[in-house]
Amino acid sequence: MFIDKVKIYIKAGDGGNGSVSFRREKYISHGGPDGGDGGKGGDIIFSIDEGQNTLLNFKYRRKFVAENGQNGMGSRFHGKNAENLEIPVPPGTIIKDAESGKIIKDMSDEDVAETGKYVILKGGKGGFGNTHFATPTRQTPNFAKSGIKGKELEVELELKMLADAGLVGMPSAGKSTIISMISAARPKIAEYHFTTLSPVLGVVDAKAGGYVIADIPGLIEGASEGEGLGHRFLKHIERCRLIVNVVDASGIEGRDPLDDLKVINEELEKYSPELASRPRIIAANKMDMTSAETREKLEKYAKKSGIPIVFMCAAIGEGTDELKELVSKELQNLPPIKIYEPETVIDEEREFDEDEIKITNVNGVYHVEAERLVNVINSINFGDYESVAYFQKVLKNTGVIAALEEKGIKDGDTVSIYGAEFDYYK
């Protein structure tokens, strides 16, 4: 089964919480704070698997969650950092934000080519133990910092195959036969339409230089609008630098070769004008069963259009070497395979600001929402004076107090922050 588009949910691991601990040893009853820091959560990493050519592995698994970091411990023991979660994808995979559809990363770009990996979500940092909060005036801090929550995201994976050239044509034009003759690819070949149900890649070893070629399932009229099978796979020739129009020159199915070329060109134009403008080669196949008149018409069409043409009979190997070398020579003068630029950025290190503070007044209770306060609220010991004082300082420094006053809060009004309620006094 060939799958080239799938949505998955990914989440980086949460950072471990810092520890509240005090040194206690024989003869040392008040040794001071010694709580260790929490460990870092696991990253979500996409990696290239050269052995894959489909997203089939994601058919039954759509949720990927990295491990959380271990909590800190006493004696300043640091919590264990979590293992990263690596997700292998085939070459040519594009990662998009599922909500906006914007491209996050093309797994074929130079950055990934160097390492073979892309860190899309970083695990949350571990929280500080109470050791970090000791000061000359606060010698026994009875609170620690919670670990940062790992980011979560729904992404869409879309496969656009990496091929230098693409074979396109009507059903049974001989594309599969051609790719089997010029490469080691062995697609199914039979005497009926739509024998090829998914794109096939082949590596060609030519004298002028090797390249990758793709056999795209047959196009028919209306393919760009969803007719037949070809519309599902047009995306796989979007990266191709050169298009080889394979046409059945025999006319044994009652089709005119020139009409077939016209249909193919129109469907490419409707799907993508940019794709239709790519350089072409015409591969006139099954020439052993064509007439001199048809050959002459094809020659005139190719000369008028300025498109190189190769007359061949792929089934017996006639013209296959000529096509193989011509494609290689044409590719030498063309730009490299198309790489898609990112359209959006995942802001991992986003700083907290006033714009992120949401305050609503419900029946006299001021409800505060701010993403960063989730971690702060979990680290506060509301039964400890120093911990509460630290919390008040955080609210002031992050602009929450100013935002509440702007909303008209008064002394004695109740404030609720993620389940924690307290009365406001200036």
# chains A, B, ... in the order shown; residues from 1 in each chain; ligands from 1
>>> residues_around(residues="segment 122-139 of chain A", least_positions_apart="2", cutoff="7 Å", atoms="only C-alpha atoms", output="PyMOL selection string")
chain A and resi 12-20+32-44+69+72+119-120+141-150
>>> write_last_selection(atoms="C-alpha atoms", output="PDB file, in the first residue's frame")
ATOM      1  CA  ALA A  12       8.122  16.641  23.404  1.00  0.00           C
ATOM      2  CA  GLY A  13       8.787  15.344  26.904  1.00  0.00           C
ATOM      3  CA  ASP A  14       8.144  17.470  29.978  1.00  0.00           C
ATOM      4  CA  GLY A  15      11.084  18.582  32.074  1.00  0.00           C
ATOM      5  CA  GLY A  16      11.395  16.959  35.497  1.00  0.00           C
ATOM      6  CA  ASN A  17      10.490  18.977  38.591  1.00  0.00           C
ATOM      7  CA  GLY A  18      13.137  20.391  40.871  1.00  0.00           C
ATOM      8  CA  SER A  19      13.415  18.853  44.312  1.00  0.00           C
ATOM      9  CA  VAL A  20      12.674  20.435  47.701  1.00  0.00           C
ATOM     10  CA  GLY A  32      20.654  23.912  54.205  1.00  0.00           C
ATOM     11  CA  PRO A  33      18.856  23.166  50.936  1.00  0.00           C
ATOM     12  CA  ASP A  34      20.222  20.408  48.667  1.00  0.00           C
ATOM     13  CA  GLY A  35      17.372  19.758  46.210  1.00  0.00           C
ATOM     14  CA  GLY A  36      18.579  18.681  42.766  1.00  0.00           C
ATOM     15  CA  ASP A  37      17.343  19.912  39.396  1.00  0.00           C
ATOM     16  CA  GLY A  38      14.925  17.998  37.211  1.00  0.00           C
ATOM     17  CA  GLY A  39      16.065  16.264  34.027  1.00  0.00           C
ATOM     18  CA  LYS A  40      15.369  17.516  30.516  1.00  0.00           C
ATOM     19  CA  GLY A  41      12.446  16.062  28.556  1.00  0.00           C
ATOM     20  CA  GLY A  42      13.044  14.140  25.341  1.00  0.00           C
ATOM     21  CA  ASP A  43      13.168  15.901  21.972  1.00  0.00           C
ATOM     22  CA  ILE A  44      11.043  14.945  18.965  1.00  0.00           C
ATOM     23  CA  GLY A  69      12.663  14.051  32.376  1.00  0.00           C
ATOM     24  CA  GLY A  72      15.373  16.011  40.884  1.00  0.00           C
ATOM     25  CA  VAL A 119      14.738  18.480  15.794  1.00  0.00           C
ATOM     26  CA  ILE A 120      11.184  19.780  15.462  1.00  0.00           C
ATOM     27  CA  PRO A 141      13.549  27.954  50.569  1.00  0.00           C
ATOM     28  CA  ASN A 142      10.689  25.502  50.870  1.00  0.00           C
ATOM     29  CA  PHE A 143       9.879  25.523  47.177  1.00  0.00           C
ATOM     30  CA  ALA A 144      11.396  24.487  43.855  1.00  0.00           C
ATOM     31  CA  LYS A 145      10.649  25.112  40.229  1.00  0.00           C
ATOM     32  CA  SER A 146       8.528  22.768  38.122  1.00  0.00           C
ATOM     33  CA  GLY A 147       9.887  21.457  34.844  1.00  0.00           C
ATOM     34  CA  ILE A 148       8.846  23.185  31.629  1.00  0.00           C
ATOM     35  CA  LYS A 149       6.096  21.404  29.729  1.00  0.00           C
ATOM     36  CA  GLY A 150       7.118  19.948  26.379  1.00  0.00           C
TER      37      GLY A 150
END
>>> residues_around(residues="Gly31 of chain A", least_positions_apart="4", cutoff="12 Å", atoms="only C-alpha atoms", output="list in words")
Ser21, Phe22, Arg23, Arg24, Glu25, Lys26, Tyr27, Gly35, Ser75, Thr131, Gln139 and Thr140 of chain A
>>> closest_residue(among="A:Ala184, A:Leu153, A:Ala403, A:Ile243", to="Leu167 of chain A", atoms="only C-alpha atoms")
A:Ile243
>>> select_by_dssp(residues="segment 137-289 of chain A", states="strand (DSSP E or B)", output="PyMOL selection string")
chain A and resi 152-159+165-169+200-204+211-215+242-248+280-285
>>> write_last_selection(atoms="N, CA and C atoms", output="mmCIF file, in the first residue's frame")
data_model
loop_
_atom_site.group_PDB
_atom_site.id
_atom_site.type_symbol
_atom_site.label_atom_id
_atom_site.label_comp_id
_atom_site.auth_asym_id
_atom_site.auth_seq_id
_atom_site.Cartn_x
_atom_site.Cartn_y
_atom_site.Cartn_z
ATOM 1 N N GLU A 152 3.671 20.628 22.136
ATOM 2 C CA GLU A 152 2.913 19.624 21.381
ATOM 3 C C GLU A 152 2.415 20.244 20.092
ATOM 4 N N LEU A 153 2.212 19.411 19.079
ATOM 5 C CA LEU A 153 1.865 19.933 17.765
ATOM 6 C C LEU A 153 1.257 18.819 16.923
ATOM 7 N N GLU A 154 0.300 19.193 16.086
ATOM 8 C CA GLU A 154 -0.220 18.259 15.083
ATOM 9 C C GLU A 154 0.389 18.661 13.747
ATOM 10 N N VAL A 155 1.056 17.724 13.109
ATOM 11 C CA VAL A 155 1.715 18.018 11.842
ATOM 12 C C VAL A 155 1.184 17.103 10.747
ATOM 13 N N GLU A 156 1.339 17.571 9.526
ATOM 14 C CA GLU A 156 0.980 16.770 8.355
ATOM 15 C C GLU A 156 2.263 16.417 7.615
ATOM 16 N N LEU A 157 2.450 15.144 7.375
ATOM 17 C CA LEU A 157 3.597 14.681 6.604
ATOM 18 C C LEU A 157 3.135 14.430 5.171
ATOM 19 N N GLU A 158 3.840 15.021 4.228
ATOM 20 C CA GLU A 158 3.494 14.834 2.822
ATOM 21 C C GLU A 158 4.749 14.427 2.063
ATOM 22 N N LEU A 159 4.628 13.356 1.298
ATOM 23 C CA LEU A 159 5.771 12.833 0.558
ATOM 24 C C LEU A 159 5.752 13.345 -0.879
ATOM 25 N N ALA A 165 14.022 13.264 -12.965
ATOM 26 C CA ALA A 165 13.159 13.253 -14.147
ATOM 27 C C ALA A 165 11.928 12.408 -13.866
ATOM 28 N N GLY A 166 10.824 12.726 -14.553
ATOM 29 C CA GLY A 166 9.583 11.980 -14.350
ATOM 30 C C GLY A 166 8.996 11.522 -15.668
ATOM 31 N N LEU A 167 8.594 10.247 -15.713
ATOM 32 C CA LEU A 167 7.911 9.695 -16.883
ATOM 33 C C LEU A 167 6.415 9.910 -16.720
ATOM 34 N N VAL A 168 5.799 10.677 -17.612
ATOM 35 C CA VAL A 168 4.356 10.903 -17.551
ATOM 36 C C VAL A 168 3.746 10.569 -18.898
ATOM 37 N N GLY A 169 2.539 10.076 -18.842
ATOM 38 C CA GLY A 169 1.860 9.708 -20.083
ATOM 39 C C GLY A 169 0.530 9.041 -19.807
ATOM 40 N N VAL A 200 6.951 4.807 -8.961
ATOM 41 C CA VAL A 200 8.107 3.916 -8.858
ATOM 42 C C VAL A 200 9.366 4.714 -9.162
ATOM 43 N N LEU A 201 10.362 4.579 -8.300
ATOM 44 C CA LEU A 201 11.637 5.260 -8.505
ATOM 45 C C LEU A 201 12.679 4.296 -9.046
ATOM 46 N N GLY A 202 13.506 4.792 -9.972
ATOM 47 C CA GLY A 202 14.589 3.993 -10.507
ATOM 48 C C GLY A 202 15.861 4.809 -10.591
ATOM 49 N N VAL A 203 17.002 4.206 -10.259
ATOM 50 C CA VAL A 203 18.295 4.873 -10.358
ATOM 51 C C VAL A 203 18.937 4.469 -11.679
ATOM 52 N N VAL A 204 19.264 5.463 -12.504
ATOM 53 C CA VAL A 204 19.808 5.226 -13.837
ATOM 54 C C VAL A 204 21.306 5.495 -13.835
ATOM 55 N N TYR A 211 21.297 9.477 -12.455
ATOM 56 C CA TYR A 211 20.175 10.277 -11.984
ATOM 57 C C TYR A 211 19.050 9.358 -11.508
ATOM 58 N N VAL A 212 18.046 9.973 -10.894
ATOM 59 C CA VAL A 212 16.872 9.223 -10.419
ATOM 60 C C VAL A 212 15.682 9.598 -11.285
ATOM 61 N N ILE A 213 14.934 8.594 -11.720
ATOM 62 C CA ILE A 213 13.764 8.829 -12.564
ATOM 63 C C ILE A 213 12.534 8.196 -11.924
ATOM 64 N N ALA A 214 11.386 8.815 -12.100
ATOM 65 C CA ALA A 214 10.147 8.328 -11.492
ATOM 66 C C ALA A 214 9.142 7.939 -12.560
ATOM 67 N N ASP A 215 8.491 6.815 -12.344
ATOM 68 C CA ASP A 215 7.392 6.369 -13.207
ATOM 69 C C ASP A 215 6.086 6.733 -12.504
ATOM 70 N N LEU A 242 13.094 17.603 -15.058
ATOM 71 C CA LEU A 242 12.836 17.298 -16.462
ATOM 72 C C LEU A 242 11.653 16.336 -16.554
ATOM 73 N N ILE A 243 10.762 16.588 -17.513
ATOM 74 C CA ILE A 243 9.605 15.722 -17.713
ATOM 75 C C ILE A 243 9.756 14.991 -19.045
ATOM 76 N N VAL A 244 9.588 13.681 -18.991
ATOM 77 C CA VAL A 244 9.624 12.858 -20.196
ATOM 78 C C VAL A 244 8.186 12.471 -20.549
ATOM 79 N N ASN A 245 7.676 13.038 -21.637
ATOM 80 C CA ASN A 245 6.326 12.713 -22.101
ATOM 81 C C ASN A 245 6.378 11.415 -22.896
ATOM 82 N N VAL A 246 5.889 10.352 -22.290
ATOM 83 C CA VAL A 246 5.849 9.052 -22.969
ATOM 84 C C VAL A 246 4.529 8.934 -23.710
ATOM 85 N N VAL A 247 4.610 8.687 -25.017
ATOM 86 C CA VAL A 247 3.402 8.620 -25.827
ATOM 87 C C VAL A 247 3.384 7.319 -26.626
ATOM 88 N N ASP A 248 2.228 6.700 -26.691
ATOM 89 C CA ASP A 248 2.030 5.480 -27.483
ATOM 90 C C ASP A 248 1.852 5.887 -28.946
ATOM 91 N N ARG A 280 11.171 19.520 -21.410
ATOM 92 C CA ARG A 280 10.547 18.242 -21.785
ATOM 93 C C ARG A 280 11.421 17.448 -22.744
ATOM 94 N N ILE A 281 11.146 16.164 -22.766
ATOM 95 C CA ILE A 281 11.619 15.251 -23.803
ATOM 96 C C ILE A 281 10.421 14.400 -24.190
ATOM 97 N N ILE A 282 10.240 14.160 -25.479
ATOM 98 C CA ILE A 282 9.164 13.277 -25.921
ATOM 99 C C ILE A 282 9.764 11.904 -26.198
ATOM 100 N N ALA A 283 9.181 10.891 -25.569
ATOM 101 C CA ALA A 283 9.581 9.507 -25.826
ATOM 102 C C ALA A 283 8.452 8.833 -26.595
ATOM 103 N N ALA A 284 8.618 8.736 -27.914
ATOM 104 C CA ALA A 284 7.592 8.116 -28.769
ATOM 105 C C ALA A 284 7.818 6.613 -28.759
ATOM 106 N N ASN A 285 6.985 5.893 -28.025
ATOM 107 C CA ASN A 285 7.169 4.460 -27.805
ATOM 108 C C ASN A 285 6.320 3.635 -28.775
#
>>> closest_residue(among="A:Ile182, A:Ile94, A:Ile104, A:Leu404", to="Val327 of chain A", atoms="only C-alpha atoms")
A:Ile182
>>> residues_around(residues="Lys102 of chain A", least_positions_apart="6", cutoff="10 Å", atoms="only C-alpha atoms", output="ChimeraX atom specification")
/A:95-96,155-156,342-345
>>> residues_around(residues="Thr320 of chain A", least_positions_apart="6", cutoff="9 Å", atoms="only C-alpha atoms", output="PDB file with C-alpha atoms, in the first residue's frame")
ATOM      1  CA  ILE A 178      10.932   2.089 -20.078  1.00  0.00           C
ATOM      2  CA  MET A 181      14.871  -1.134 -19.231  1.00  0.00           C
ATOM      3  CA  ILE A 182      16.960   1.877 -18.147  1.00  0.00           C
ATOM      4  CA  VAL A 310      13.377   9.900 -29.107  1.00  0.00           C
ATOM      5  CA  MET A 312      11.815   3.872 -29.440  1.00  0.00           C
ATOM      6  CA  CYS A 313      10.399   0.445 -28.800  1.00  0.00           C
ATOM      7  CA  ALA A 314      11.087  -0.106 -25.127  1.00  0.00           C
TER       8      ALA A 314
END
>>> select_by_dssp(residues="segment 33-230 of chain A", states="helix (DSSP H, G or I)", output="PDB file with C-alpha atoms, in the first residue's frame")
ATOM      1  CA  LEU A  56       2.836   3.410   5.396  1.00  0.00           C
ATOM      2  CA  ASN A  57       4.458   3.132   8.851  1.00  0.00           C
ATOM      3  CA  PHE A  58       2.122   5.891  10.059  1.00  0.00           C
ATOM      4  CA  GLU A 110      20.899  21.170   3.118  1.00  0.00           C
ATOM      5  CA  ASP A 111      20.574  21.265   6.904  1.00  0.00           C
ATOM      6  CA  VAL A 112      19.004  17.813   7.020  1.00  0.00           C
ATOM      7  CA  ALA A 113      21.364  16.500   4.326  1.00  0.00           C
ATOM      8  CA  GLU A 114      24.340  17.117   6.623  1.00  0.00           C
ATOM      9  CA  THR A 115      22.981  15.364   9.706  1.00  0.00           C
ATOM     10  CA  ASN A 130      15.427  24.605  46.006  1.00  0.00           C
ATOM     11  CA  THR A 131      19.231  24.974  46.128  1.00  0.00           C
ATOM     12  CA  HIS A 132      18.958  27.709  43.479  1.00  0.00           C
ATOM     13  CA  PHE A 133      16.572  29.815  45.566  1.00  0.00           C
ATOM     14  CA  LYS A 175       6.332   4.034 -18.886  1.00  0.00           C
ATOM     15  CA  SER A 176       6.860   0.991 -16.691  1.00  0.00           C
ATOM     16  CA  THR A 177       8.605  -0.858 -19.487  1.00  0.00           C
ATOM     17  CA  ILE A 178      10.932   2.089 -20.078  1.00  0.00           C
ATOM     18  CA  ILE A 179      11.956   2.441 -16.418  1.00  0.00           C
ATOM     19  CA  SER A 180      12.560  -1.312 -16.187  1.00  0.00           C
ATOM     20  CA  MET A 181      14.871  -1.134 -19.231  1.00  0.00           C
ATOM     21  CA  ILE A 182      16.960   1.877 -18.147  1.00  0.00           C
ATOM     22  CA  ALA A 223      -6.660  13.964 -13.970  1.00  0.00           C
ATOM     23  CA  SER A 224      -6.031  17.419 -12.508  1.00  0.00           C
ATOM     24  CA  GLU A 225      -9.662  17.433 -11.330  1.00  0.00           C
ATOM     25  CA  GLY A 230      -2.789  10.171 -11.920  1.00  0.00           C
TER      26      GLY A 230
END
>>> residues_around(residues="Gly92 of chain A", least_positions_apart="3", cutoff="8 Å", atoms="only C-alpha atoms", output="MDAnalysis selection string")
chainID A and resid 106:108 159:162
>>> write_last_selection(atoms="C-alpha atoms", output="PDB file, in the first residue's frame")
ATOM      1  CA  ASP A 106      11.522  20.063   3.865  1.00  0.00           C
ATOM      2  CA  MET A 107      13.489  16.994   4.910  1.00  0.00           C
ATOM      3  CA  SER A 108      15.509  17.314   1.697  1.00  0.00           C
ATOM      4  CA  LEU A 159       5.771  12.833   0.558  1.00  0.00           C
ATOM      5  CA  LYS A 160       7.026  14.453  -2.646  1.00  0.00           C
ATOM      6  CA  MET A 161       9.494  12.017  -4.181  1.00  0.00           C
ATOM      7  CA  LEU A 162      13.039  13.048  -5.011  1.00  0.00           C
TER       8      LEU A 162
END
>>> residues_around(residues="segment 250-255 of chain A", least_positions_apart="5", cutoff="8 Å", atoms="only C-alpha atoms", output="ChimeraX atom specification")
/A:260,285-291
>>> write_last_selection(atoms="N, CA and C atoms", output="PDB file, in the first residue's frame")
ATOM      1  N   ASP A 260      -2.823  12.756 -27.431  1.00  0.00           N
ATOM      2  CA  ASP A 260      -2.353  12.335 -26.100  1.00  0.00           C
ATOM      3  C   ASP A 260      -1.385  13.368 -25.513  1.00  0.00           C
ATOM      4  N   ASN A 285       6.985   5.893 -28.025  1.00  0.00           N
ATOM      5  CA  ASN A 285       7.169   4.460 -27.805  1.00  0.00           C
ATOM      6  C   ASN A 285       6.320   3.635 -28.775  1.00  0.00           C
ATOM      7  N   LYS A 286       6.662   2.355 -28.877  1.00  0.00           N
ATOM      8  CA  LYS A 286       5.951   1.376 -29.736  1.00  0.00           C
ATOM      9  C   LYS A 286       6.026   1.768 -31.214  1.00  0.00           C
ATOM     10  N   MET A 287       7.217   2.236 -31.616  1.00  0.00           N
ATOM     11  CA  MET A 287       7.406   2.667 -32.999  1.00  0.00           C
ATOM     12  C   MET A 287       7.401   1.510 -33.991  1.00  0.00           C
ATOM     13  N   ASP A 288       7.505   0.271 -33.477  1.00  0.00           N
ATOM     14  CA  ASP A 288       7.469  -0.885 -34.382  1.00  0.00           C
ATOM     15  C   ASP A 288       6.082  -1.105 -34.963  1.00  0.00           C
ATOM     16  N   MET A 289       5.064  -0.423 -34.393  1.00  0.00           N
ATOM     17  CA  MET A 289       3.696  -0.618 -34.871  1.00  0.00           C
ATOM     18  C   MET A 289       3.071   0.680 -35.381  1.00  0.00           C
ATOM     19  N   THR A 290       3.902   1.654 -35.691  1.00  0.00           N
ATOM     20  CA  THR A 290       3.365   2.932 -36.149  1.00  0.00           C
ATOM     21  C   THR A 290       3.606   3.120 -37.645  1.00  0.00           C
ATOM     22  N   SER A 291       2.997   4.131 -38.203  1.00  0.00           N
ATOM     23  CA  SER A 291       3.119   4.411 -39.636  1.00  0.00           C
ATOM     24  C   SER A 291       4.135   5.534 -39.856  1.00  0.00           C
TER      25      SER A 291
END
>>> closest_residue(among="A:Pro273, A:Phe382, A:Glu318, A:Ala249", to="Glu299 of chain A", atoms="only C-alpha atoms")
A:Ala249
>>> closest_residue(among="A:Lys396, A:Lys235, A:Lys358, A:Lys329", to="Lys207 of chain A", atoms="only C-alpha atoms")
A:Lys329
>>> closest_residue(among="A:Thr294, A:Lys7, A:Glu274, A:Asp259", to="Lys59 of chain A", atoms="only C-alpha atoms")
A:Lys7
>>> atom_distance(atom1="atom CA of Ile357 of chain A", atom2="atom CA of Asn397 of chain A")
12.8 Å
>>> residues_around(residues="Ala208 of chain A", least_positions_apart="2", cutoff="8 Å", atoms="only C-alpha atoms", output="list of chain:residue names")
A:Ala206, A:Gly210, A:Glu325, A:Ser328, A:Lys329
>>> atom_distance(atom1="atom CA of Val65 of chain A", atom2="atom CA of Ile380 of chain A")
27.0 Å
>>> atom_distance(atom1="atom CA of Leu55 of chain A", atom2="atom CA of Ile3 of chain A")
5.1 Å
>>> decode(residues="segment 323-385 of chain A", atoms="C-alpha atoms", output="short mmCIF file (atom, residue, chain, number, x, y, z; two decimals), in the first residue's frame")
data_model
loop_
_atom_site.label_atom_id
_atom_site.label_comp_id
_atom_site.auth_asym_id
_atom_site.auth_seq_id
_atom_site.Cartn_x
_atom_site.Cartn_y
_atom_site.Cartn_z
CA LEU A 323 16.73 8.12 -24.10
CA LYS A 324 18.84 7.30 -21.05
CA GLU A 325 21.79 9.35 -22.27
CA LEU A 326 19.67 12.23 -23.58
CA VAL A 327 17.96 12.64 -20.19
CA SER A 328 21.35 12.67 -18.46
CA LYS A 329 22.75 15.34 -20.82
CA GLU A 330 19.66 17.55 -20.46
CA LEU A 331 19.81 17.34 -16.65
CA GLN A 332 23.38 18.67 -16.63
CA ASN A 333 22.11 22.08 -17.76
CA LEU A 334 19.19 22.30 -15.35
CA PRO A 335 18.99 23.67 -11.78
CA PRO A 336 19.04 21.23 -8.83
CA ILE A 337 15.96 19.47 -7.45
CA LYS A 338 13.41 21.85 -5.97
CA ILE A 339 13.59 22.35 -2.22
CA TYR A 340 10.62 23.92 -0.42
CA GLU A 341 11.40 26.82 1.88
CA PRO A 342 9.87 26.98 5.40
CA GLU A 343 6.71 29.09 5.63
CA THR A 344 6.38 29.07 9.41
CA VAL A 345 8.69 28.67 12.40
CA ILE A 346 8.08 26.82 15.64
CA ASP A 347 9.12 29.34 18.26
CA GLU A 348 10.60 27.14 20.97
CA GLU A 349 12.21 29.93 22.96
CA ARG A 350 9.30 32.37 22.94
CA GLU A 351 9.57 34.83 25.80
CA PHE A 352 6.63 35.66 28.03
CA ASP A 353 5.05 39.05 27.40
CA GLU A 354 1.92 40.97 28.25
CA ASP A 355 0.23 40.04 25.00
CA GLU A 356 0.02 36.43 26.18
CA ILE A 357 -1.91 37.31 29.34
CA LYS A 358 -5.64 36.69 29.12
CA ILE A 359 -7.86 37.93 31.96
CA THR A 360 -11.60 37.37 32.20
CA ASN A 361 -13.95 38.51 34.97
CA VAL A 362 -16.53 35.83 35.79
CA ASN A 363 -18.93 36.72 38.62
CA GLY A 364 -16.32 38.94 40.27
CA VAL A 365 -13.49 36.38 40.01
CA TYR A 366 -10.55 37.38 37.81
CA HIS A 367 -9.37 34.34 35.86
CA VAL A 368 -5.80 34.64 34.57
CA GLU A 369 -4.46 32.56 31.68
CA ALA A 370 -0.81 32.71 30.64
CA GLU A 371 1.06 29.70 29.35
CA ARG A 372 4.19 30.26 31.35
CA LEU A 373 2.28 30.54 34.63
CA VAL A 374 1.31 26.86 34.33
CA ASN A 375 4.85 25.88 35.35
CA VAL A 376 5.12 28.61 37.97
CA ILE A 377 1.86 27.78 39.74
CA ASN A 378 2.89 24.12 40.08
CA SER A 379 6.11 25.07 41.85
CA ILE A 380 4.61 27.28 44.55
CA ASN A 381 4.09 26.12 48.12
CA PHE A 382 1.23 28.38 49.22
CA GLY A 383 1.74 27.32 52.83
CA ASP A 384 5.21 28.81 52.89
CA TYR A 385 5.71 32.58 53.25
#
